[in-house]
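Engineer: There's a structure below that I have some questions on.
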Amino acid sequence: MTNSRPIVAVYPGSFDPVTLGHEDVARRTLRFCDRLVVAVAEASTQEKRHMFPVAERLEIMKEVFAGDPRVECVSFSGLLVEFAADVGARFIIRGLRAVSDFDYEFQMAQMNRELRDDVETLFLTPDIHFSFLSASLVREVAALGGDVSAFVSAPVRERMRRRFAGPGSA
Ligand code: PNS
């Protein structure tokens, strides 16, 4: 099959905050796609208490991928599959860390396929070192004063420092 259309993928998520595991999945995706749209969801399927508002998560994301012109960071609302089609993406990328992720991811992928059969969900596994890592655990460790520097990159660390340092320390 010959097809010269650029391969565009969407990597959606709450990214609250973006972890090194997310970054790893994004960089692995760039091995086979021409353009990656990292999409910060304004609303997630699962109820979550957020640490950073969407606008700040997006700012962080832009800082993280600032050096790579193939990556575009945006926020989105509404149905993911419609957003993906609007940006010309044929693929939705999701990270699968462990079997425990499977039920939720399988349901979403199947629902998304029912909604739009022309957008395919691809699952990538992160590096084994990140298989235990989740944004919710990072939030908890940070909120309790733990060191998260092995789990998130500098833009996230800086926002967390500001957030937990208290008034007057900005
Ligand atoms: O990082 P998360 O919270 O697991 O990401 C979930 C996300 C944002 C990908 C999912 O909730 C989503 O696609 N939301 C957009 C609304 C939508 O399309 N819902 C139907 C999904 S089957």
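For the structure tokens, the naming scheme is as follows: chains receive sequential letters (A, B, ...) according to their order of presentation, residues are indexed from 1 within each chain, and ligands are indexed from 1 in presentation order.
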Please identify the residues whose atoms come within 8 Å of ligand 1, using only C-alpha atoms and all ligand atoms, and report them as a PyMOL selection string.

Structural biologist: chain A and resi 12-16+40-46+48+76-82+94+107-112

Engineer: Put those residues in a file: N, CA and C atoms, as a JSON list (two decimals), in the first residue's frame.

Structural biologist:
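Written file, result.json:
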[["chain", "number", "residue", "atom", "x", "y", "z"],
["A", 12, "PRO", "N", -4.08, 11.56, 23.95],
["A", 12, "PRO", "CA", -4.95, 12.30, 24.87],
["A", 12, "PRO", "C", -4.76, 11.87, 26.33],
["A", 13, "GLY", "N", -5.13, 12.74, 27.22],
["A", 13, "GLY", "CA", -5.10, 12.37, 28.63],
["A", 13, "GLY", "C", -5.40, 13.55, 29.52],
["A", 14, "SER", "N", -5.46, 13.25, 30.81],
["A", 14, "SER", "CA", -5.64, 14.32, 31.79],
["A", 14, "SER", "C", -4.30, 14.99, 32.07],
["A", 15, "PHE", "N", -3.26, 14.20, 32.11],
["A", 15, "PHE", "CA", -1.89, 14.70, 32.29],
["A", 15, "PHE", "C", -1.79, 15.64, 33.49],
["A", 16, "ASP", "N", -2.24, 15.15, 34.64],
["A", 16, "ASP", "CA", -2.29, 16.00, 35.84],
["A", 16, "ASP", "C", -1.45, 15.42, 36.97],
["A", 40, "VAL", "N", -4.67, 17.67, 25.96],
["A", 40, "VAL", "CA", -5.05, 17.70, 27.38],
["A", 40, "VAL", "C", -6.57, 17.84, 27.46],
["A", 41, "ALA", "N", -7.19, 16.84, 28.08],
["A", 41, "ALA", "CA", -8.66, 16.81, 28.11],
["A", 41, "ALA", "C", -9.22, 17.79, 29.12],
["A", 42, "GLU", "N", -10.23, 18.52, 28.70],
["A", 42, "GLU", "CA", -10.89, 19.43, 29.64],
["A", 42, "GLU", "C", -11.81, 18.66, 30.57],
["A", 43, "ALA", "N", -12.26, 17.47, 30.16],
["A", 43, "ALA", "CA", -13.07, 16.62, 31.03],
["A", 43, "ALA", "C", -12.65, 15.18, 30.80],
["A", 44, "SER", "N", -12.50, 14.43, 31.91],
["A", 44, "SER", "CA", -12.08, 13.04, 31.79],
["A", 44, "SER", "C", -13.26, 12.12, 32.05],
["A", 45, "THR", "N", -13.21, 10.93, 31.47],
["A", 45, "THR", "CA", -14.26, 9.93, 31.68],
["A", 45, "THR", "C", -14.34, 9.54, 33.16],
["A", 46, "GLN", "N", -13.20, 9.44, 33.81],
["A", 46, "GLN", "CA", -13.19, 9.11, 35.24],
["A", 46, "GLN", "C", -13.21, 10.40, 36.06],
["A", 48, "LYS", "N", -12.14, 12.95, 38.60],
["A", 48, "LYS", "CA", -10.83, 13.15, 39.22],
["A", 48, "LYS", "C", -10.78, 14.51, 39.89],
["A", 76, "PHE", "N", -8.56, 20.03, 24.64],
["A", 76, "PHE", "CA", -9.77, 19.76, 23.86],
["A", 76, "PHE", "C", -10.94, 19.45, 24.78],
["A", 77, "SER", "N", -12.14, 19.71, 24.24],
["A", 77, "SER", "CA", -13.36, 19.32, 24.95],
["A", 77, "SER", "C", -14.21, 18.54, 23.96],
["A", 78, "GLY", "N", -15.25, 17.92, 24.43],
["A", 78, "GLY", "CA", -16.10, 17.13, 23.54],
["A", 78, "GLY", "C", -15.51, 15.75, 23.31],
["A", 79, "LEU", "N", -16.03, 15.09, 22.30],
["A", 79, "LEU", "CA", -15.63, 13.70, 22.04],
["A", 79, "LEU", "C", -14.22, 13.63, 21.47],
["A", 80, "LEU", "N", -13.44, 12.74, 22.04],
["A", 80, "LEU", "CA", -12.06, 12.55, 21.59],
["A", 80, "LEU", "C", -11.99, 12.15, 20.11],
["A", 81, "VAL", "N", -12.85, 11.24, 19.69],
["A", 81, "VAL", "CA", -12.76, 10.76, 18.30],
["A", 81, "VAL", "C", -13.04, 11.89, 17.30],
["A", 82, "GLU", "N", -13.96, 12.80, 17.68],
["A", 82, "GLU", "CA", -14.26, 13.92, 16.77],
["A", 82, "GLU", "C", -13.09, 14.89, 16.75],
["A", 94, "ARG", "N", -2.62, 5.38, 23.48],
["A", 94, "ARG", "CA", -2.80, 5.25, 24.92],
["A", 94, "ARG", "C", -1.69, 4.38, 25.47],
["A", 107, "GLN", "N", -12.56, -0.66, 27.26],
["A", 107, "GLN", "CA", -13.90, -0.06, 27.13],
["A", 107, "GLN", "C", -13.84, 1.22, 26.32],
["A", 108, "MET", "N", -12.87, 2.07, 26.64],
["A", 108, "MET", "CA", -12.79, 3.34, 25.90],
["A", 108, "MET", "C", -12.50, 3.10, 24.42],
["A", 109, "ALA", "N", -11.57, 2.19, 24.15],
["A", 109, "ALA", "CA", -11.20, 1.93, 22.75],
["A", 109, "ALA", "C", -12.39, 1.39, 21.97],
["A", 110, "GLN", "N", -13.15, 0.48, 22.61],
["A", 110, "GLN", "CA", -14.30, -0.10, 21.91],
["A", 110, "GLN", "C", -15.39, 0.95, 21.68],
["A", 111, "MET", "N", -15.63, 1.78, 22.70],
["A", 111, "MET", "CA", -16.62, 2.85, 22.54],
["A", 111, "MET", "C", -16.19, 3.82, 21.45],
["A", 112, "ASN", "N", -14.92, 4.18, 21.47],
["A", 112, "ASN", "CA", -14.42, 5.11, 20.44],
["A", 112, "ASN", "C", -14.56, 4.51, 19.05]]

Engineer: Quick one: everything within 10 Å of A:Arg28, counting only C-alpha atoms, minus sequence neighbours fewer than 4 positions away in the same chain. Send it as a list in words.

Structural biologist: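 Close residues of A:Arg28: His22, Glu23, Asp24, Phe32, Cys33, Leu124, Thr125, Pro126 and Asp127 of chain A.
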
Engineer: List every residue of stretch 29-167 of chain A that DSSP, applied to the backbone of this structure, places in strand (DSSP E or B), and write the result as a ChimeraX atom specification.

Structural biologist: /A:35-41,71-76,91-95,120-124

Engineer: Save out the residues we just selected, N, CA and C atoms, as a PDB file, in the first residue's frame.

Structural biologist:
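Heads up, here's the output in selection.pdb:
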ATOM      1  N   ARG A  35       3.509  13.579  12.986  1.00  0.00           N
ATOM      2  CA  ARG A  35       3.047  14.685  13.835  1.00  0.00           C
ATOM      3  C   ARG A  35       2.262  14.099  14.995  1.00  0.00           C
ATOM      4  N   LEU A  36       2.556  14.594  16.173  1.00  0.00           N
ATOM      5  CA  LEU A  36       1.864  14.106  17.367  1.00  0.00           C
ATOM      6  C   LEU A  36       1.142  15.268  18.036  1.00  0.00           C
ATOM      7  N   VAL A  37      -0.154  15.099  18.206  1.00  0.00           N
ATOM      8  CA  VAL A  37      -0.951  16.108  18.906  1.00  0.00           C
ATOM      9  C   VAL A  37      -1.180  15.599  20.331  1.00  0.00           C
ATOM     10  N   VAL A  38      -0.520  16.226  21.285  1.00  0.00           N
ATOM     11  CA  VAL A  38      -0.728  15.861  22.685  1.00  0.00           C
ATOM     12  C   VAL A  38      -1.916  16.682  23.178  1.00  0.00           C
ATOM     13  N   ALA A  39      -2.977  15.982  23.577  1.00  0.00           N
ATOM     14  CA  ALA A  39      -4.257  16.650  23.816  1.00  0.00           C
ATOM     15  C   ALA A  39      -4.665  16.536  25.287  1.00  0.00           C
ATOM     16  N   VAL A  40      -4.673  17.672  25.963  1.00  0.00           N
ATOM     17  CA  VAL A  40      -5.046  17.704  27.384  1.00  0.00           C
ATOM     18  C   VAL A  40      -6.569  17.836  27.463  1.00  0.00           C
ATOM     19  N   ALA A  41      -7.193  16.836  28.077  1.00  0.00           N
ATOM     20  CA  ALA A  41      -8.661  16.806  28.106  1.00  0.00           C
ATOM     21  C   ALA A  41      -9.222  17.787  29.125  1.00  0.00           C
ATOM     22  N   VAL A  71       5.683  17.983  17.649  1.00  0.00           N
ATOM     23  CA  VAL A  71       4.672  17.837  18.703  1.00  0.00           C
ATOM     24  C   VAL A  71       3.892  19.134  18.863  1.00  0.00           C
ATOM     25  N   GLU A  72       2.565  18.998  18.832  1.00  0.00           N
ATOM     26  CA  GLU A  72       1.698  20.141  19.073  1.00  0.00           C
ATOM     27  C   GLU A  72       0.896  19.835  20.339  1.00  0.00           C
ATOM     28  N   CYS A  73       0.870  20.772  21.273  1.00  0.00           N
ATOM     29  CA  CYS A  73       0.139  20.543  22.518  1.00  0.00           C
ATOM     30  C   CYS A  73      -1.096  21.444  22.543  1.00  0.00           C
ATOM     31  N   VAL A  74      -2.243  20.832  22.750  1.00  0.00           N
ATOM     32  CA  VAL A  74      -3.502  21.578  22.759  1.00  0.00           C
ATOM     33  C   VAL A  74      -4.397  21.006  23.861  1.00  0.00           C
ATOM     34  N   SER A  75      -5.459  21.762  24.193  1.00  0.00           N
ATOM     35  CA  SER A  75      -6.487  21.178  25.051  1.00  0.00           C
ATOM     36  C   SER A  75      -7.710  20.923  24.174  1.00  0.00           C
ATOM     37  N   PHE A  76      -8.558  20.029  24.645  1.00  0.00           N
ATOM     38  CA  PHE A  76      -9.770  19.756  23.862  1.00  0.00           C
ATOM     39  C   PHE A  76     -10.936  19.453  24.785  1.00  0.00           C
ATOM     40  N   PHE A  91      -4.862   7.931  14.402  1.00  0.00           N
ATOM     41  CA  PHE A  91      -4.546   7.088  15.555  1.00  0.00           C
ATOM     42  C   PHE A  91      -4.710   7.836  16.877  1.00  0.00           C
ATOM     43  N   ILE A  92      -5.246   7.124  17.844  1.00  0.00           N
ATOM     44  CA  ILE A  92      -5.271   7.593  19.230  1.00  0.00           C
ATOM     45  C   ILE A  92      -4.264   6.724  19.976  1.00  0.00           C
ATOM     46  N   ILE A  93      -3.361   7.354  20.680  1.00  0.00           N
ATOM     47  CA  ILE A  93      -2.325   6.616  21.418  1.00  0.00           C
ATOM     48  C   ILE A  93      -2.699   6.573  22.900  1.00  0.00           C
ATOM     49  N   ARG A  94      -2.618   5.379  23.477  1.00  0.00           N
ATOM     50  CA  ARG A  94      -2.803   5.254  24.919  1.00  0.00           C
ATOM     51  C   ARG A  94      -1.692   4.378  25.473  1.00  0.00           C
ATOM     52  N   GLY A  95      -1.236   4.713  26.655  1.00  0.00           N
ATOM     53  CA  GLY A  95      -0.218   3.903  27.317  1.00  0.00           C
ATOM     54  C   GLY A  95      -0.878   2.797  28.121  1.00  0.00           C
ATOM     55  N   GLU A 120      -8.202   4.721  14.837  1.00  0.00           N
ATOM     56  CA  GLU A 120      -7.772   3.477  15.483  1.00  0.00           C
ATOM     57  C   GLU A 120      -7.029   3.790  16.790  1.00  0.00           C
ATOM     58  N   THR A 121      -7.329   3.029  17.838  1.00  0.00           N
ATOM     59  CA  THR A 121      -6.578   3.197  19.090  1.00  0.00           C
ATOM     60  C   THR A 121      -5.369   2.268  19.090  1.00  0.00           C
ATOM     61  N   LEU A 122      -4.210   2.828  19.375  1.00  0.00           N
ATOM     62  CA  LEU A 122      -2.988   2.030  19.503  1.00  0.00           C
ATOM     63  C   LEU A 122      -2.497   2.106  20.942  1.00  0.00           C
ATOM     64  N   PHE A 123      -2.119   0.977  21.491  1.00  0.00           N
ATOM     65  CA  PHE A 123      -1.595   0.943  22.858  1.00  0.00           C
ATOM     66  C   PHE A 123      -0.087   0.741  22.830  1.00  0.00           C
ATOM     67  N   LEU A 124       0.597   1.565  23.598  1.00  0.00           N
ATOM     68  CA  LEU A 124       2.045   1.415  23.722  1.00  0.00           C
ATOM     69  C   LEU A 124       2.380   1.174  25.185  1.00  0.00           C
TER      70      LEU A 124
END

Engineer: Please, what distance in Å, to one decimal, runs between atom CA of A:Ala89 and atom CA of A:Leu58?

Structural biologist: 19.4 Å

Engineer: Which residues of stretch 12-126 of chain A have any atom within 8 Å of an atom in stretch 132-151 of chain A when counting only C-alpha atoms, and what is the closest pair of atoms for each, with the distance in Å to one decimal? Order the rows by chain and rising number and write it as a Markdown table.

Structural biologist:
| residue | atom | partner | partner_atom | distance |
| --- | --- | --- | --- | --- |
| A:Phe15 | CA | A:Ala135 | CA | 7.0 |
| A:Asp16 | CA | A:Ala135 | CA | 5.9 |
| A:Pro17 | CA | A:Ala135 | CA | 5.7 |
| A:Val18 | CA | A:Ala135 | CA | 6.9 |
| A:Thr19 | CA | A:Phe151 | CA | 5.9 |
| A:Leu20 | CA | A:Phe151 | CA | 5.6 |
| A:Gly21 | CA | A:Leu133 | CA | 6.7 |
| A:Met51 | CA | A:Arg139 | CA | 7.1 |
| A:Arg97 | CA | A:Phe132 | CA | 7.2 |

Engineer: Identify all residues of chain A in alpha helix (DSSP H) (DSSP on the backbone) and supply them as a VMD selection string.

Structural biologist: chain A and resid 20 to 29 54 to 64 80 to 86 102 to 115 135 to 143 154 to 165

Engineer: Any idea what the distance is between atom CA of A:Val10 and atom CA of A:Ala84?

Structural biologist: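 Atom CA of A:Ala84 lies at a distance of 6.3 Å from atom CA of A:Val10.
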
Engineer: Taking into account only C-alpha atoms, which residue in the set A:Ser153, A:Arg113, A:Ala9, A:Phe164 is nearest to A:Glu63?

Structural biologist: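 Counting only C-alpha atoms, the residue closest to A:Glu63 is A:Ser153.
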
Engineer: For a quick check of understanding, using only C-alpha atoms, which of A:Lys62, A:Phe52, A:Gly67, A:Val25 has the smallest distance to A:Phe130?

Structural biologist: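 Looking at the shortest contact to A:Phe130, the residue is A:Val25.
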
Engineer: Quick check, in Å to one decimal: how far apart do atom CA of A:Arg90 and atom CA of A:Asp34 lie?

Structural biologist: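 About the pair atom CA of A:Arg90 and atom CA of A:Asp34: they are 11.7 Å apart.
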